[in-house]
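*Asks:* Please read through the structure below; I'll follow up with questions.
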There are 2 protein chains.
Amino acid sequence: MSQHTQALTEFLAGLSYEQLPEAVISRTEDLFLDWLASALASQGAHPIPLFERYAQKMGPASGPAQILVNGQSSSAYFAALVNAASSHLVEQDDLHNSSVLHPATVVFPAALAAAQDLGKSGRELILASVAGYEAGIRIGEFLGRSHYRIFHTTATVGTLAAAVAVGKLLDFDQQQFTHLLGSAGTQAAGLWEFLRDAADSKQLHTAKAAADGLLAAYLTADGLTGAQNILEGEQGMAAGMSSDADPSKLSDRLGSRWALPETSFKFHASCRHTHPAADALLDLMQREQLQADDIASVVTRVHQGAIDVLGRVVVPQSVHQAKFSMGTVLGLIALYRKAGLPEFHEHALVDPRIGVFREKVSMQLDPEVDGAYPQRWLGRVEVSTVDGRTLHGSIDEPKGDPGNTLSRAELEDKFRRLVAFSGACNADQAEALVARVWALREQTDMSQVSLVGGKDHE
Amino acid sequence: MSQHTQALTEFLAGLSYEQLPEAVISRTEDLFLDWLASALASQGAHPIPLFERYAQKMGPASGPAQILVNGQSSSAYFAALVNAASSHLVEQDDLHNSSVLHPATVVFPAALAAAQDLGKSGRELILASVAGYEAGIRIGEFLGRSHYRIFHTTATVGTLAAAVAVGKLLDFDQQQFTHLLGSAGTQAAGLWEFLRDAADSKQLHTAKAAADGLLAAYLTADGLTGAQNILEGEQGMAAGMSSDADPSKLSDRLGSRWALPETSFKFHASCRHTHPAADALLDLMQREQLQADDIASVVTRVHQGAIDVLGRVVVPQSVHQAKFSMGTVLGLIALYRKAGLPEFHEHALVDPRIGVFREKVSMQLDPEVDGAYPQRWLGRVEVSTVDGRTLHGSIDEPKGDPGNTLSRAELEDKFRRLVAFSGACNADQAEALVARVWALREQTDMSQVSLVGGKDHE
């Protein structure tokens, strides 16, 4: 085992709730609420019912862990599976910039399911979630940009992040964490190929990452051994799935740098790679008082990762694919001034003006933007107006980033909008859930805390 | 989708039992019996009880599919999981040479679990298994040697092979098979790194491959879509996990070349990469009437894959690791003339003469052997005797290969030895199981056919 993996597993084994700064604890609660909103927002939407039916068919009739979208219960394994599928569907869950990892959608489903199964407290759930974020983000940074070009980091690294969270709930020592990384890392999978076809794999990826990570942790607790050097070994993750891995990232300022609060909330309901340009365009249009019709063309100056992920979508065939279409997102911004769930569902594929605007938008690799990425996601757009002007829009920190974050009031508002969108709960139920999450650190037994939507499930 | 993937999915959708040559059907029964022996042989051995307990904890109390090692039942998902973990433990399951895939340990657990769940016939089970072998072997050949250097092909490709078998039981059409490959391929995982530490990941790999493949098939049947070009696409399996992929392998002589009967049975209870040298040494020692003490050194001339997989093990710390130690395997051959399960468990780590012999053995890359691999696994050893002679041993087809295969009598004998080794059943029960497998094609409903060991389970 290398010094970096060793430092990471030592840190994970030693981490205690008392060590966590208040800002980290309260941000974990913020992220948890934001995650719960995303999970409930997908109620009833394809392909989530497929995962619900799979859990019913293959799992027990009921169990200690809650399935959020339908208020049923199951074993921890299937609750993690369904809740992780649910929470990544509406593209509103959080993102950590420099790792390009969506931590919430994999960490919280696994941690909540295990906490409910094991009867752990809210503080233990928070601690476990922090462990999952801190480890997952550093492993994502370690694997680097070359990994993300082919592999869906939230799927691959997500398996390890989920595993670490559950391992912390199981009070693992350093050796157990090492085995755990081995058993989780050797299950890590998820390819971007589905994106071109708008296939359902994104939900499969997060579902499996959370469930596989949980499986690795429970088996490790029972004595399953794993590779001791799965991250850096000659036949390990980096060897097989990266060409620019940087081991020093694994142990980067453990205990002094908190990676969790670096995580961004999503403001627009689209792929995060569209957000910098969307914010830059919105800012420019407001400043110059432009309407959509005033614009002849938009060149977005982007990092390579945006081209890799978004370049596949030419004319979106589904709402989900529309969230990966730069032209569609900028069209919603130009015409409606926002790109939330209602705009996507009501306008993105329907309003012909969106299609017209989409044709005006192109992406261009920009050395400055690419050089700053993934630490900073710079937004740069060049707009040519129909009256012949060339205007530049620029933002350095998209809405939702740590320096431009969402307040608790804004997070509550986002929560209300998302659960109303799916009809997962009425206004009173939404307020009750918000209150329950803000009291997370006071919960003594998560198996007694209901977080499901719907009036029948209270 | 490329022509090759299209040809493969067309073939899978169209394949019928009536098309199968008798030799393919009867060889499938042979392989099934050989697989059942391997599964039952691991009863009670670590880490199999961990998977049994996991299934009990996370799955239903009982279900339509049998768990072979303990006679319990569960949902198809957990039966596939536990049975696949079991059948790869004693290193006695089959191997297809040119794909370096162990098909049985991933295909049969998934196919049997689904056949029992769906109440399918023995013929449908045979047809589904053939589909899994034919697809898995070609996909393994497609991904090539570069894949196998880092990735455990039985884990990665095994996910797709298992998925295809279950998809055939679910009567998939071509479009469903395409979605299925997408959803299975994007879950494909498994790294060789565990081997250096003799960790338990090999069982985790086969367990997850079979279970994940089954999951992909059931979700596809319910409408989950997958990437249309997961094998050859720019962000697909070959792009991420191979540098020498050959798409033409995917459609290689579909319907005229039957890959299933190319599969080798394992004669020795060790890693297949040791078999050519073991057979060559045995042949040489018998021919020259050598004893172990007559031998000063053995140079085995091997292919690169043998060095990659076996080079990690210097002094084996466990019986399982001993099976990956060329020197230990040749020591057993030299001292006991065989390397079966009893020799490994009673002598490999215990007899000091094995350790002495191990030090005499080295591996050397041989261009001829490497060039023939993986189509042919040539055995070449150079022995220096203590009286100063240099002798050469050579075999071109290890025992168990198609041209040097095991008869039904030899397979029955292997079955009896393996189930006796673990105590999974007594002699009468063993005969009953053998008879049941030889009647596989006559079984009308696999949910009514018990294949579990032990007197309590009959």
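We name chains A, B, ... following the order of the structure tokens; residues begin at 1 in each chain, and ligands are numbered from 1 as shown.
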Report as a list in words all protein, DNA and RNA residues lying within 7 Å of region 113-128 of chain B, evaluated on only C-alpha atoms, omitting residues in the same chain fewer than 6 positions from it.
*Replies:*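 Near region 113-128 of chain B, the qualifying residues are Ser16, Tyr17, Ile25, Thr28, Pro64, Ala65, Ala76, Ala79, Ala80, Ala165, Val166, Lys168, Leu169, Leu440, Arg441, Glu442, Gln443, Thr444, Asp445, Met446 and Ser447 of chain B.
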*Asks:* Extract, using only C-alpha atoms, all DNA, RNA and protein residues at most 7 Å from Ala37 (chain A), discarding same-chain residues fewer than 2 positions from it, and format them as a CSV table (one decimal) with N, CA, C and O atoms, in the first residue's frame.
*Replies:*
```
chain,number,residue,atom,x,y,z
A,33,LEU,N,-30.6,17.8,2.4
A,33,LEU,CA,-31.9,18.3,1.9
A,33,LEU,C,-32.0,18.4,0.4
A,33,LEU,O,-33.0,18.0,-0.2
A,34,ASP,N,-30.9,18.9,-0.1
A,34,ASP,CA,-30.8,19.1,-1.6
A,34,ASP,C,-30.9,17.7,-2.3
A,34,ASP,O,-31.6,17.6,-3.3
A,35,TRP,N,-30.3,16.7,-1.7
A,35,TRP,CA,-30.4,15.4,-2.2
A,35,TRP,C,-31.8,14.8,-2.1
A,35,TRP,O,-32.3,14.2,-3.1
A,39,ALA,N,-34.3,13.3,-5.0
A,39,ALA,CA,-34.8,11.9,-5.0
A,39,ALA,C,-36.3,11.9,-5.1
A,39,ALA,O,-36.9,11.2,-5.9
A,40,LEU,N,-37.0,12.8,-4.4
A,40,LEU,CA,-38.5,12.9,-4.4
A,40,LEU,C,-39.0,13.4,-5.7
A,40,LEU,O,-40.1,13.1,-6.2
A,41,ALA,N,-38.2,14.3,-6.4
A,41,ALA,CA,-38.6,14.9,-7.6
A,41,ALA,C,-38.8,13.9,-8.8
A,41,ALA,O,-39.4,14.2,-9.8
A,415,PHE,N,-36.2,22.9,-2.7
A,415,PHE,CA,-36.9,21.7,-2.3
A,415,PHE,C,-38.4,21.7,-2.6
A,415,PHE,O,-39.0,20.8,-3.1
A,418,LEU,N,-39.1,21.3,-6.2
A,418,LEU,CA,-38.9,20.0,-6.8
A,418,LEU,C,-39.9,19.0,-6.3
A,418,LEU,O,-40.4,18.1,-7.1
A,419,VAL,N,-40.3,19.0,-5.1
A,419,VAL,CA,-41.3,18.0,-4.6
A,419,VAL,C,-42.7,18.4,-5.2
A,419,VAL,O,-43.5,17.5,-5.4
```
*Asks:* Counting only C-alpha atoms, what is within 8 Å of Ala227 (chain A), bar same-chain residues fewer than 5 positions away, as a PyMOL selection string?
*Replies:* (chain A and resi 178-179+181-183) or (chain B and resi 193-199+201)
*Asks:* Which one is closest to Ala245 (chain A): A:Gly167, A:Gly213, A:Gly140, A:Gly223? Count only C-alpha atoms.
*Replies:*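 Under the stated criterion, the closest residue is A:Gly140.
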*Asks:* Near Gly327 (chain A), counting only C-alpha atoms, which residues have an atom at most 7 Å away, once you skip same-chain residues fewer than 4 positions from it, shown as a PyMOL selection string?
*Replies:* chain A and resi 331+357-359+361
*Asks:* Quick one: contact table of chain A to chain B, 8 Å max, nearest atom pair and distance in Å to one decimal per residue, counting only C-alpha atoms, chain and number order, as JSON lines?
*Replies:*
```
{"residue": "A:Pro47", "atom": "CA", "partner": "B:Leu224", "partner_atom": "CA", "distance": 6.6}
{"residue": "A:Leu50", "atom": "CA", "partner": "B:Asp222", "partner_atom": "CA", "distance": 6.4}
{"residue": "A:Phe51", "atom": "CA", "partner": "B:Leu219", "partner_atom": "CA", "distance": 7.5}
{"residue": "A:Tyr54", "atom": "CA", "partner": "B:Leu219", "partner_atom": "CA", "distance": 7.2}
{"residue": "A:Lys57", "atom": "CA", "partner": "B:Ser75", "partner_atom": "CA", "distance": 7.5}
{"residue": "A:Met58", "atom": "CA", "partner": "B:Ser75", "partner_atom": "CA", "distance": 5.1}
{"residue": "A:Gly59", "atom": "CA", "partner": "B:Gly59", "partner_atom": "CA", "distance": 4.7}
{"residue": "A:Pro60", "atom": "CA", "partner": "B:Pro60", "partner_atom": "CA", "distance": 4.1}
{"residue": "A:Ala61", "atom": "CA", "partner": "B:Pro60", "partner_atom": "CA", "distance": 7.2}
{"residue": "A:Ser75", "atom": "CA", "partner": "B:Met58", "partner_atom": "CA", "distance": 5.2}
{"residue": "A:Ala76", "atom": "CA", "partner": "B:Met58", "partner_atom": "CA", "distance": 6.9}
{"residue": "A:Tyr77", "atom": "CA", "partner": "B:Met58", "partner_atom": "CA", "distance": 6.1}
{"residue": "A:Phe78", "atom": "CA", "partner": "B:Met58", "partner_atom": "CA", "distance": 7.8}
{"residue": "A:Arg149", "atom": "CA", "partner": "B:Gln235", "partner_atom": "CA", "distance": 7.6}
{"residue": "A:Ile150", "atom": "CA", "partner": "B:Gln235", "partner_atom": "CA", "distance": 4.9}
{"residue": "A:Phe151", "atom": "CA", "partner": "B:Gly240", "partner_atom": "CA", "distance": 7.3}
{"residue": "A:Gly182", "atom": "CA", "partner": "B:Phe194", "partner_atom": "CA", "distance": 7.3}
{"residue": "A:Ser183", "atom": "CA", "partner": "B:Ser201", "partner_atom": "CA", "distance": 6.5}
{"residue": "A:Thr186", "atom": "CA", "partner": "B:Gly190", "partner_atom": "CA", "distance": 4.8}
{"residue": "A:Gln187", "atom": "CA", "partner": "B:Ala189", "partner_atom": "CA", "distance": 5.1}
{"residue": "A:Ala188", "atom": "CA", "partner": "B:Ala189", "partner_atom": "CA", "distance": 5.9}
{"residue": "A:Ala189", "atom": "CA", "partner": "B:Gln187", "partner_atom": "CA", "distance": 5.1}
{"residue": "A:Gly190", "atom": "CA", "partner": "B:Thr186", "partner_atom": "CA", "distance": 4.8}
{"residue": "A:Leu191", "atom": "CA", "partner": "B:Thr186", "partner_atom": "CA", "distance": 5.3}
{"residue": "A:Trp192", "atom": "CA", "partner": "B:Gln235", "partner_atom": "CA", "distance": 5.5}
{"residue": "A:Glu193", "atom": "CA", "partner": "B:Gln235", "partner_atom": "CA", "distance": 4.6}
{"residue": "A:Phe194", "atom": "CA", "partner": "B:Ala227", "partner_atom": "CA", "distance": 4.1}
{"residue": "A:Leu195", "atom": "CA", "partner": "B:Ala227", "partner_atom": "CA", "distance": 7.4}
{"residue": "A:Arg196", "atom": "CA", "partner": "B:Ala227", "partner_atom": "CA", "distance": 7.6}
{"residue": "A:Asp197", "atom": "CA", "partner": "B:Ala227", "partner_atom": "CA", "distance": 6.0}
{"residue": "A:Ala198", "atom": "CA", "partner": "B:Ala227", "partner_atom": "CA", "distance": 7.9}
{"residue": "A:Ala199", "atom": "CA", "partner": "B:Gly226", "partner_atom": "CA", "distance": 4.9}
{"residue": "A:Asp200", "atom": "CA", "partner": "B:Thr225", "partner_atom": "CA", "distance": 5.2}
{"residue": "A:Ser201", "atom": "CA", "partner": "B:Gly226", "partner_atom": "CA", "distance": 6.0}
{"residue": "A:Leu204", "atom": "CA", "partner": "B:Ser183", "partner_atom": "CA", "distance": 7.8}
{"residue": "A:His205", "atom": "CA", "partner": "B:Gln187", "partner_atom": "CA", "distance": 7.6}
{"residue": "A:Tyr218", "atom": "CA", "partner": "B:Tyr54", "partner_atom": "CA", "distance": 7.7}
{"residue": "A:Leu219", "atom": "CA", "partner": "B:Leu50", "partner_atom": "CA", "distance": 6.5}
{"residue": "A:Asp222", "atom": "CA", "partner": "B:Leu50", "partner_atom": "CA", "distance": 6.4}
{"residue": "A:Gly223", "atom": "CA", "partner": "B:Leu50", "partner_atom": "CA", "distance": 7.5}
{"residue": "A:Leu224", "atom": "CA", "partner": "B:Asp200", "partner_atom": "CA", "distance": 6.1}
{"residue": "A:Thr225", "atom": "CA", "partner": "B:Ala199", "partner_atom": "CA", "distance": 5.1}
{"residue": "A:Gly226", "atom": "CA", "partner": "B:Ala199", "partner_atom": "CA", "distance": 4.9}
{"residue": "A:Ala227", "atom": "CA", "partner": "B:Phe194", "partner_atom": "CA", "distance": 4.0}
{"residue": "A:Gln228", "atom": "CA", "partner": "B:Asp197", "partner_atom": "CA", "distance": 6.8}
{"residue": "A:Asn229", "atom": "CA", "partner": "B:Glu193", "partner_atom": "CA", "distance": 7.3}
{"residue": "A:Ile230", "atom": "CA", "partner": "B:Glu193", "partner_atom": "CA", "distance": 6.1}
{"residue": "A:Gly233", "atom": "CA", "partner": "B:Glu193", "partner_atom": "CA", "distance": 6.5}
{"residue": "A:Glu234", "atom": "CA", "partner": "B:Glu193", "partner_atom": "CA", "distance": 6.9}
{"residue": "A:Gln235", "atom": "CA", "partner": "B:Glu193", "partner_atom": "CA", "distance": 4.6}
{"residue": "A:Gly236", "atom": "CA", "partner": "B:Glu193", "partner_atom": "CA", "distance": 5.1}
{"residue": "A:Met237", "atom": "CA", "partner": "B:Leu191", "partner_atom": "CA", "distance": 7.3}
{"residue": "A:Ala239", "atom": "CA", "partner": "B:Ile150", "partner_atom": "CA", "distance": 7.3}
{"residue": "A:Gly240", "atom": "CA", "partner": "B:Ile150", "partner_atom": "CA", "distance": 5.8}
{"residue": "A:Met241", "atom": "CA", "partner": "B:Gly240", "partner_atom": "CA", "distance": 6.7}
```
*Asks:* Please list as a list in words every residue within 9 Å of region 9-12 of chain B, counting only C-alpha atoms and excluding residues in the same chain fewer than 4 positions away.
*Replies:*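 In the requested form, the answer reads His4, Thr5, Ser16, Ala131, Gly132, Glu134, Ala135, Val164, Lys168, Phe172, Asp173, Gln174, Gln175, Gln176, Phe177, Thr178, Leu181, Ser251, Leu254 and Gly255 of chain B.
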*Asks:* Quick one: pick out all strand (DSSP E) residues within region 218-325 of chain A from a backbone DSSP run and write them as an MDAnalysis selection string.
*Replies:* chainID A and resid 295:302
*Asks:* Kindly export the residues of the current selection with all heavy atoms, as a CSV table (one decimal), in the first residue's frame.
*Replies:*
```csv
chain,number,residue,atom,x,y,z
A,295,ILE,N,-30.3,38.1,-30.8
A,295,ILE,CA,-29.0,37.3,-30.9
A,295,ILE,C,-28.9,36.5,-32.2
A,295,ILE,O,-29.8,35.8,-32.6
A,295,ILE,CB,-28.9,36.4,-29.7
A,295,ILE,CG1,-28.8,37.2,-28.4
A,295,ILE,CG2,-27.7,35.4,-29.8
A,295,ILE,CD1,-28.8,36.4,-27.1
A,296,ALA,N,-27.8,36.7,-32.9
A,296,ALA,CA,-27.6,36.0,-34.1
A,296,ALA,C,-26.8,34.7,-33.9
A,296,ALA,O,-27.0,33.7,-34.5
A,296,ALA,CB,-26.8,36.9,-35.1
A,297,SER,N,-25.9,34.7,-33.0
A,297,SER,CA,-25.1,33.5,-32.7
A,297,SER,C,-24.5,33.6,-31.3
A,297,SER,O,-24.2,34.7,-30.8
A,297,SER,CB,-24.0,33.2,-33.7
A,297,SER,OG,-23.0,34.2,-33.6
A,298,VAL,N,-24.2,32.5,-30.7
A,298,VAL,CA,-23.5,32.4,-29.4
A,298,VAL,C,-22.4,31.4,-29.5
A,298,VAL,O,-22.7,30.2,-29.9
A,298,VAL,CB,-24.5,32.0,-28.2
A,298,VAL,CG1,-23.7,32.0,-26.9
A,298,VAL,CG2,-25.7,32.8,-28.2
A,299,VAL,N,-21.2,31.8,-29.3
A,299,VAL,CA,-20.1,30.9,-29.2
A,299,VAL,C,-19.8,30.7,-27.7
A,299,VAL,O,-19.5,31.7,-27.0
A,299,VAL,CB,-18.8,31.4,-29.9
A,299,VAL,CG1,-17.7,30.4,-29.8
A,299,VAL,CG2,-19.2,31.6,-31.4
A,300,THR,N,-19.9,29.5,-27.2
A,300,THR,CA,-19.5,29.2,-25.8
A,300,THR,C,-18.1,28.7,-25.8
A,300,THR,O,-17.8,27.8,-26.6
A,300,THR,CB,-20.5,28.2,-25.2
A,300,THR,OG1,-20.3,27.0,-25.8
A,300,THR,CG2,-21.9,28.6,-25.3
A,301,ARG,N,-17.3,29.4,-25.0
A,301,ARG,CA,-15.9,28.9,-24.9
A,301,ARG,C,-15.8,28.0,-23.7
A,301,ARG,O,-16.0,28.5,-22.5
A,301,ARG,CB,-15.0,30.2,-24.7
A,301,ARG,CG,-15.2,31.2,-25.8
A,301,ARG,CD,-14.0,32.0,-26.1
A,301,ARG,NE,-14.2,32.9,-27.2
A,301,ARG,CZ,-14.2,32.6,-28.5
A,301,ARG,NH1,-13.9,31.3,-28.9
A,301,ARG,NH2,-14.4,33.5,-29.5
A,302,VAL,N,-15.4,26.8,-23.9
A,302,VAL,CA,-15.6,25.8,-22.9
A,302,VAL,C,-14.3,24.9,-22.7
A,302,VAL,O,-13.4,25.0,-23.5
A,302,VAL,CB,-16.8,24.8,-23.2
A,302,VAL,CG1,-18.1,25.6,-23.3
A,302,VAL,CG2,-16.5,24.1,-24.6
```
*Asks:* Let's see if you can do this: from backbone DSSP, list all alpha helix (DSSP H) residues in region 41-260 of chain B, as a VMD selection string.
*Replies:* chain B and resid 41 48 to 58 76 to 87 104 to 118 122 to 150 153 to 169 174 to 185 201 to 221 237 to 241
*Asks:* For a quick check of understanding, using only C-alpha atoms, which of A:Lys399, A:His303, A:Arg389, A:Lys266 has the smallest distance to Leu282 (chain A)?
*Replies:*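 Smallest distance to Leu282 (chain A) is found for A:Lys399.
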*Asks:* Which residues are close to Thr105 (chain B), i.e. within 7 Å by only C-alpha atoms, leaving aside same-chain residues fewer than 3 positions away? Reply as an MDAnalysis selection string.
*Replies:* chainID B and resid 35 84 87:88 93 102 108:109 206
*Asks:* One decimal, Å: what's the distance from CA of Lys360 (chain B) over to CA of His320 (chain B), could you say?
*Replies:*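 Atom-to-atom, CA of Lys360 (chain B) and CA of His320 (chain B) are spaced 21.0 Å apart.
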*Asks:* Report, in Å to a single decimal, how far apart CA of Val315 (chain A) and CA of Leu332 (chain A) are.
*Replies:*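 Computed distance, CA of Leu332 (chain A) to CA of Val315 (chain A), equals 14.6 Å.
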*Asks:* Hey, what's within 12 Å of Asn404 (chain B) if we count only C-alpha atoms and toss same-chain stuff fewer than 2 positions away? As a ChimeraX atom specification, please?
*Replies:* /B:262-267,279,395-402,406-407,410
*Asks:* Just how far from CA of Arg138 (chain A) is CA of Lys323 (chain A), in Å to one decimal?
*Replies:*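 One can read the CA of Lys323 (chain A) to CA of Arg138 (chain A) distance as 27.0 Å.
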